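Asks: Please find model28.cif (mmCIF, C-alpha atoms) on the next line:
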data_target
loop_
_atom_site.label_atom_id
_atom_site.label_comp_id
_atom_site.auth_asym_id
_atom_site.auth_seq_id
_atom_site.Cartn_x
_atom_site.Cartn_y
_atom_site.Cartn_z
CA MET A 74 117.80 173.35 76.81
CA LYS A 75 118.91 170.90 74.09
CA LYS A 76 119.93 168.45 76.79
CA THR A 77 116.48 168.67 78.39
CA ILE A 78 114.69 168.04 75.04
CA TYR A 79 116.97 165.07 74.35
CA LEU A 80 116.16 163.54 77.75
CA LEU A 81 112.42 163.99 77.18
CA LEU A 82 112.57 162.37 73.73
CA SER A 83 114.54 159.45 75.13
CA LEU A 84 111.93 158.97 77.83
CA PHE A 85 109.05 158.95 75.31
CA ILE A 86 110.84 156.41 73.13
CA PHE A 87 111.52 154.17 76.11
CA ILE A 88 107.87 154.29 77.18
CA GLY A 89 106.60 153.60 73.64
CA CYS A 90 108.85 150.56 73.17
CA SER A 91 108.20 149.03 76.55
CA LYS A 92 105.67 146.15 76.95
CA PRO A 93 103.47 146.06 80.04
CA THR A 94 104.19 143.25 82.45
CA PRO A 95 101.04 141.38 83.54
CA THR A 96 101.61 141.56 87.25
CA SER A 97 97.98 142.02 88.26
CA PRO A 98 95.35 139.25 88.22
CA VAL A 99 93.26 141.33 85.81
CA LEU A 100 96.06 141.52 83.24
CA LEU A 101 96.85 137.85 83.64
CA GLU A 102 93.20 136.95 83.14
CA ALA A 103 93.02 139.12 80.02
CA GLN A 104 96.00 137.34 78.50
CA GLU A 105 94.66 133.90 79.36
CA LYS A 106 91.33 134.66 77.71
CA LYS A 107 93.06 134.93 74.35
CA TYR A 108 93.56 131.18 74.47
CA GLU A 109 90.05 130.14 75.46
CA ILE A 110 88.27 127.77 73.06
CA THR A 111 85.09 129.44 71.82
CA GLU A 112 83.68 126.97 69.28
CA THR A 113 84.62 123.55 70.61
CA GLN A 114 85.61 122.43 74.06
CA VAL A 115 86.76 119.01 75.20
CA VAL A 116 85.41 117.11 78.16
CA GLU A 117 87.57 114.52 79.79
CA THR A 118 86.14 111.09 80.55
CA GLU A 119 87.62 108.03 82.14
CA THR A 120 88.41 106.63 78.70
CA GLY A 121 89.25 109.66 76.60
CA SER A 122 87.94 112.98 75.39
CA ALA A 123 84.92 114.15 73.49
CA PRO A 124 84.02 117.44 71.82
CA VAL A 125 81.37 119.62 73.38
CA THR A 126 79.99 122.25 71.08
CA GLY A 127 79.93 125.76 72.44
CA ALA A 128 77.08 128.21 72.11
CA THR A 129 78.57 130.21 69.24
CA GLU A 130 75.63 129.38 66.96
CA THR A 131 72.26 128.03 68.00
CA LEU A 132 69.93 126.38 65.51
CA ASP A 133 66.40 127.71 65.46
CA LEU A 134 64.58 124.39 65.42
CA THR A 135 61.30 126.08 64.56
CA GLN A 136 62.68 126.93 61.11
CA LEU A 137 63.48 123.31 60.21
CA TRP A 138 61.24 121.07 58.10
CA SER A 139 61.42 118.45 60.85
CA TYR A 140 60.15 120.70 63.65
CA GLY A 141 57.03 119.41 65.37
CA LEU A 142 57.08 116.00 63.66
CA THR A 143 57.01 112.78 65.63
CA SER A 144 57.81 109.16 64.88
CA ILE A 145 54.84 106.79 64.68
CA ARG A 146 56.94 104.02 66.19
CA THR A 147 58.17 105.92 69.25
CA GLY A 148 55.75 108.83 69.45
CA GLU A 149 58.71 111.12 70.19
CA PRO A 150 59.73 114.30 68.33
CA ILE A 151 62.27 113.54 65.62
CA ILE A 152 64.43 116.55 66.57
CA ALA A 153 65.31 118.13 69.89
CA GLU A 154 67.58 120.70 71.47
CA ASN A 155 71.13 119.28 71.61
CA GLY A 156 70.00 116.44 69.38
CA GLU A 157 72.70 117.01 66.78
CA HIS A 158 75.75 114.78 66.86
CA GLN A 159 78.16 117.30 65.30
CA LEU A 160 80.85 114.74 64.55
CA ASP A 161 84.37 116.08 65.07
CA GLU A 162 86.30 114.35 62.29
CA SER A 163 89.61 115.10 64.00
CA LEU A 164 88.66 112.52 66.66
CA VAL A 165 88.03 109.71 64.18
CA THR A 166 90.71 107.05 64.64
CA LEU A 167 89.62 103.50 63.89
CA GLY A 168 90.12 101.29 66.91
CA TYR A 169 90.49 104.19 69.34
CA ASN A 170 86.93 105.48 69.40
CA LEU A 171 83.88 104.86 71.57
CA VAL A 172 80.37 106.27 71.45
CA VAL A 173 78.76 107.94 74.46
CA ASP A 174 75.19 109.10 74.98
CA LYS A 175 74.22 112.67 75.82
CA ASN A 176 74.99 111.99 79.50
CA GLY A 177 78.49 110.71 78.74
CA THR A 178 77.67 107.04 79.33
CA ILE A 179 79.62 104.67 77.09
CA LEU A 180 77.39 102.77 74.67
CA THR A 181 78.17 99.14 73.89
CA PRO A 182 77.44 97.63 70.44
CA ARG A 183 73.69 97.44 69.98
CA ALA A 184 71.06 97.11 67.28
CA VAL A 185 69.00 100.11 68.42
CA PRO A 186 69.44 103.30 66.38
CA LEU A 187 70.88 106.64 67.42
CA HIS A 188 68.41 108.71 69.41
CA GLY A 189 70.15 112.08 69.24
CA GLY A 190 72.96 113.79 71.11
CA GLU A 191 75.38 110.85 71.05
CA LYS A 192 79.05 111.81 70.67
CA LEU A 193 82.29 110.16 69.61
CA ILE A 194 85.20 110.05 72.04
CA LEU A 195 88.86 109.29 71.47
CA THR A 196 90.45 106.72 73.76
CA ASP A 197 94.06 106.15 74.76
CA THR A 198 93.83 102.39 74.40
CA TYR A 199 93.01 100.27 71.36
CA GLN A 200 89.59 98.61 71.43
CA ASP A 201 90.20 94.89 70.98
CA ASP A 202 86.55 93.98 70.47
CA LEU A 203 85.64 94.06 66.76
CA ASN A 204 82.01 94.99 67.31
CA THR A 205 83.04 97.90 69.53
CA ARG A 206 85.31 99.20 66.80
CA GLU A 207 82.63 98.76 64.14
CA TYR A 208 79.95 100.39 66.30
CA ALA A 209 82.09 103.53 66.48
CA ARG A 210 82.80 103.35 62.74
CA ILE A 211 79.08 103.10 61.94
CA TYR A 212 78.47 106.11 64.16
CA THR A 213 80.88 108.13 61.99
CA ILE A 214 78.79 107.15 58.96
CA MET A 215 75.29 107.58 60.35
CA ALA A 216 75.73 110.63 62.59
CA PRO A 217 76.44 113.02 59.68
CA ILE A 218 73.59 111.48 57.66
CA ARG A 219 71.20 111.95 60.57
CA ASP A 220 72.33 115.52 61.25
CA THR A 221 72.06 116.44 57.59
CA ILE A 222 68.53 115.20 56.92
CA LEU A 223 67.04 116.30 60.25
CA TYR A 224 68.90 119.52 61.06
CA HIS A 225 70.56 120.82 57.90
CA PHE A 226 68.38 119.73 55.00
CA GLU A 227 67.55 123.31 54.00
CA GLU A 228 71.21 124.02 53.26
CA THR A 229 72.04 120.71 51.57
CA SER A 230 71.84 120.12 47.82
CA ARG A 231 70.78 116.80 46.34
CA GLU A 232 74.34 116.18 45.14
CA GLU A 233 75.70 116.82 48.64
CA TRP A 234 73.15 114.45 50.12
CA LEU A 235 74.14 111.68 47.71
CA ALA A 236 77.81 112.24 48.59
CA ILE A 237 77.12 112.07 52.34
CA THR A 238 75.19 108.81 51.88
CA ALA A 239 77.65 107.24 49.42
CA VAL A 240 78.69 104.49 51.86
CA LEU A 241 75.10 103.27 52.01
CA THR A 242 74.88 103.13 48.22
CA ILE A 243 78.17 101.27 47.87
CA ASN A 244 76.85 98.64 50.29
CA ASN A 245 73.53 98.36 48.46
CA ILE A 246 71.64 99.87 51.40
CA LYS A 247 68.52 101.91 50.65
CA THR A 248 69.04 101.80 46.89
CA GLU A 249 65.61 100.37 45.97
CA ASP A 250 62.84 102.89 45.37
CA ALA A 251 59.47 102.42 47.01
CA PRO A 252 56.68 101.94 44.45
CA GLU A 253 54.79 104.83 46.03
CA VAL A 254 55.79 107.57 48.41
CA ASN A 255 53.66 108.21 51.47
CA GLY A 256 53.85 108.31 55.25
CA ARG A 257 54.47 104.57 55.55
CA SER A 258 56.80 103.98 52.59
CA VAL A 259 60.23 102.36 52.87
CA LEU A 260 62.13 105.02 50.97
CA SER A 261 65.42 104.84 49.11
CA THR A 262 68.19 107.38 49.71
CA GLU A 263 67.19 109.41 46.66
CA GLN A 264 63.51 109.27 47.56
CA VAL A 265 64.21 110.50 51.07
CA TYR A 266 65.73 113.72 49.74
CA ASP A 267 62.95 114.29 47.23
CA TYR A 268 60.29 113.48 49.82
CA VAL A 269 61.58 116.11 52.24
CA ALA A 270 62.06 118.58 49.39
CA SER A 271 58.39 118.18 48.47
CA GLY A 272 57.43 120.10 51.59
CA ASN A 273 54.88 117.50 52.66
CA ALA A 274 57.14 115.04 54.48
CA GLU A 275 56.07 113.17 57.58
CA GLY A 276 58.57 112.10 60.20
CA SER A 277 58.08 108.34 60.24
CA PRO A 278 59.45 107.42 56.76
CA ILE A 279 62.58 109.47 57.48
CA MET A 280 63.13 107.87 60.87
CA ARG A 281 62.55 104.42 59.41
CA TYR A 282 65.13 105.18 56.72
CA LEU A 283 67.70 106.24 59.32
CA GLU A 284 67.00 103.32 61.65
CA GLU A 285 67.12 100.64 58.94
CA ALA A 286 70.18 102.11 57.22
CA GLY A 287 72.13 102.05 60.49
CA LEU A 288 70.89 98.55 61.32
CA GLU A 289 71.90 97.17 57.93
CA LEU A 290 75.40 98.59 58.35
CA LYS A 291 75.56 96.74 61.67
CA CYS A 292 74.38 93.55 59.95
CA LEU A 293 77.38 93.82 57.64
CA ALA A 294 79.87 94.82 60.32
CA PHE A 295 79.06 92.92 63.53
CA GLN A 296 80.17 89.36 64.16
CA ASP A 297 78.62 86.83 66.56
CA PHE A 298 75.80 89.25 67.30
CA ASP A 299 72.12 88.32 67.73
CA PHE A 300 69.95 90.73 65.73
CA THR A 301 66.68 89.11 66.80
CA ASN A 302 64.36 91.77 68.18
CA PRO A 303 61.89 91.31 71.08
CA GLU A 304 59.17 90.35 68.58
CA GLY A 305 61.35 87.52 67.28
CA ALA A 306 62.18 89.12 63.91
CA ASN A 307 65.70 89.37 62.51
CA HIS A 308 66.12 92.24 60.04
CA CYS A 309 69.39 90.89 58.65
CA VAL A 310 67.86 87.51 57.84
CA GLU A 311 64.65 88.99 56.45
CA HIS A 312 66.63 91.18 54.03
CA ASN A 313 69.20 88.53 53.09
CA ILE A 314 72.13 90.52 54.47
CA SER A 315 75.25 88.48 55.00
CA THR A 316 76.15 89.23 58.62
CA GLY A 317 79.79 89.97 59.28
CA ALA A 318 80.61 90.40 55.60
CA GLY A 319 82.15 93.79 56.28
CA ILE A 320 81.38 97.34 55.21
CA LYS A 321 82.69 98.49 51.84
CA LEU A 322 84.17 101.97 51.88
CA PRO A 323 84.61 104.47 49.03
#
Represent the structure contained in this file as structure tokens.

Replies:
Amino acid sequence: MKKTIYLLLSLFIFIGCSKPTPTSPVLLEAQEKKYEITETQVVETETGSAPVTGATETLDLTQLWSYGLTSIRTGEPIIAENGEHQLDESLVTLGYNLVVDKNGTILTPRAVPLHGGEKLILTDTYQDDLNTREYARIYTIMAPIRDTILYHFEETSREEWLAITAVLTINNIKTEDAPEVNGRSVLSTEQVYDYVASGNAEGSPIMRYLEEAGLELKCLAFQDFDFTNPEGANHCVEHNISTGAGIKLP
């Protein structure tokens, strides 16, 4: 009898200490799922990789101050589904970045502003062209600014906004207050925050702020680049910005 009890106890101990071996496809699939990326995935391109945000949290655009507003210049809504840039700072490596549009097409240095949905990718090879490097650098500055004011203003304090836009201030961009604030004003960084906080903001002054801030960074950064627009105006010249002088960083 004692021998039988001892054998039974030994069997129970053996079973309790044993680990199941994933021999079936179901068990293998269950183990593999533990390693799936739920918040950020990476898409491979010919030149490198870019983050693609998963659907773990979806913004309700209807709750944002910017919902339903359009730009006077373009007539388009200032926000859209998948319009956020959601910069992945782990990808930022000066000289090894490119910018792609929402379809994954590589964007070359240009004066036109971000439209929404552009992403940063990391490349294996160093980008020899200075303007290409600076275009990617400016994206890392302007994408968070754009996301913050358009998509995350409600959760951003004035102090946080001034910290996010510090590079603009250091480079004397958007530091001059408009004499009056209305739908056609050229607002400073501080006025932009206060204007949206007022609850009566229109879309056009905000979009103009974003477009001109990004353009003036390009004036400072790009070399041997023609900033003359189709109407024959040159923003850099009109605002006495020394082209190619370089961007000052904190």

Asks: Decode the PyMOL selection byres ((chain A and resi 238) around 10) for the given file into explicit residues and return them as a PyMOL selection string.

Replies: chain A and resi 214-215+217-218+233-237+239-243+246-247+262-263+286

Asks: So how many Å separate CA of Ser258 (chain A) and CA of His308 (chain A), to one decimal?

Replies: 16.7 Å

Asks: Work out how far apart CA of Arg146 (chain A) and CA of Asn244 (chain A) are and give it in Å to one decimal.

Replies: 26.0 Å

Asks: For each of A:Leu164, A:Ala274, A:Val269, A:Ile194, take the minimum atom-to-atom distance to Arg257 (chain A), counting only C-alpha atoms, then give the residue where this is smallest.

Replies: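 Nearest candidate to Arg257 (chain A) out of A:Leu164, A:Ala274, A:Val269, A:Ile194: A:Ala274.
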
Asks: Which residues fall under the PyMOL selection byres ((chain A and resi 140) around 12) in this file, as a ChimeraX atom specification?

Replies: /A:132-139,141-144,149-154,223-226,274-276

Asks: For this file, the PyMOL selection byres ((chain A and resi 313) around 12) selects which residues, as an NGL selection string?

Replies: :A and (245-246 or 289 or 292-293 or 307-312 or 314-316 or 318)

Asks: Might you pull out every residue within 12 Å of Pro252 (chain A), with all atoms listed in the file counted and same-chain residues fewer than 6 positions away left off, and present them as a compact mmCIF listing (two decimals) with C-alpha atoms, in the frame of the given file?

Replies:
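Writing the result to out.txt gives the following:
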# COMPACT_ATOMS: atom_id res chain seq x y z
CA SER A 258 56.80 103.98 52.59
CA VAL A 259 60.23 102.36 52.87
CA LEU A 260 62.13 105.02 50.97
CA SER A 261 65.42 104.84 49.11
CA GLN A 264 63.51 109.27 47.56

Asks: Between CA of Asp174 (chain A) and CA of Gly317 (chain A), what is the distance, to one decimal in Å?

Replies: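 Pair CA of Asp174 (chain A) / CA of Gly317 (chain A) returns 25.2 Å.
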
Asks: Which is closer to Leu283 (chain A) than all the others in A:Thr301, A:Thr205, A:Thr221, A:Thr166, using only C-alpha atoms?

Replies: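 Of all the options, A:Thr221 lies closest to Leu283 (chain A).
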
Asks: From the set A:Tyr169, A:Asp299, A:Val254, A:Gly272, which residue has the shortest atom-to-atom contact distance to Gln200 (chain A), counting all atoms listed in the file?

Replies: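 Smallest distance to Gln200 (chain A) is found for A:Tyr169.
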
Asks: Restricting the calculation to all atoms listed in the file: of A:Thr147, A:Thr213, A:Gln159, A:Gln296, which residue gets closest to Val172 (chain A)?

Replies: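 That would be A:Thr213, the residue with the smallest distance to Val172 (chain A).
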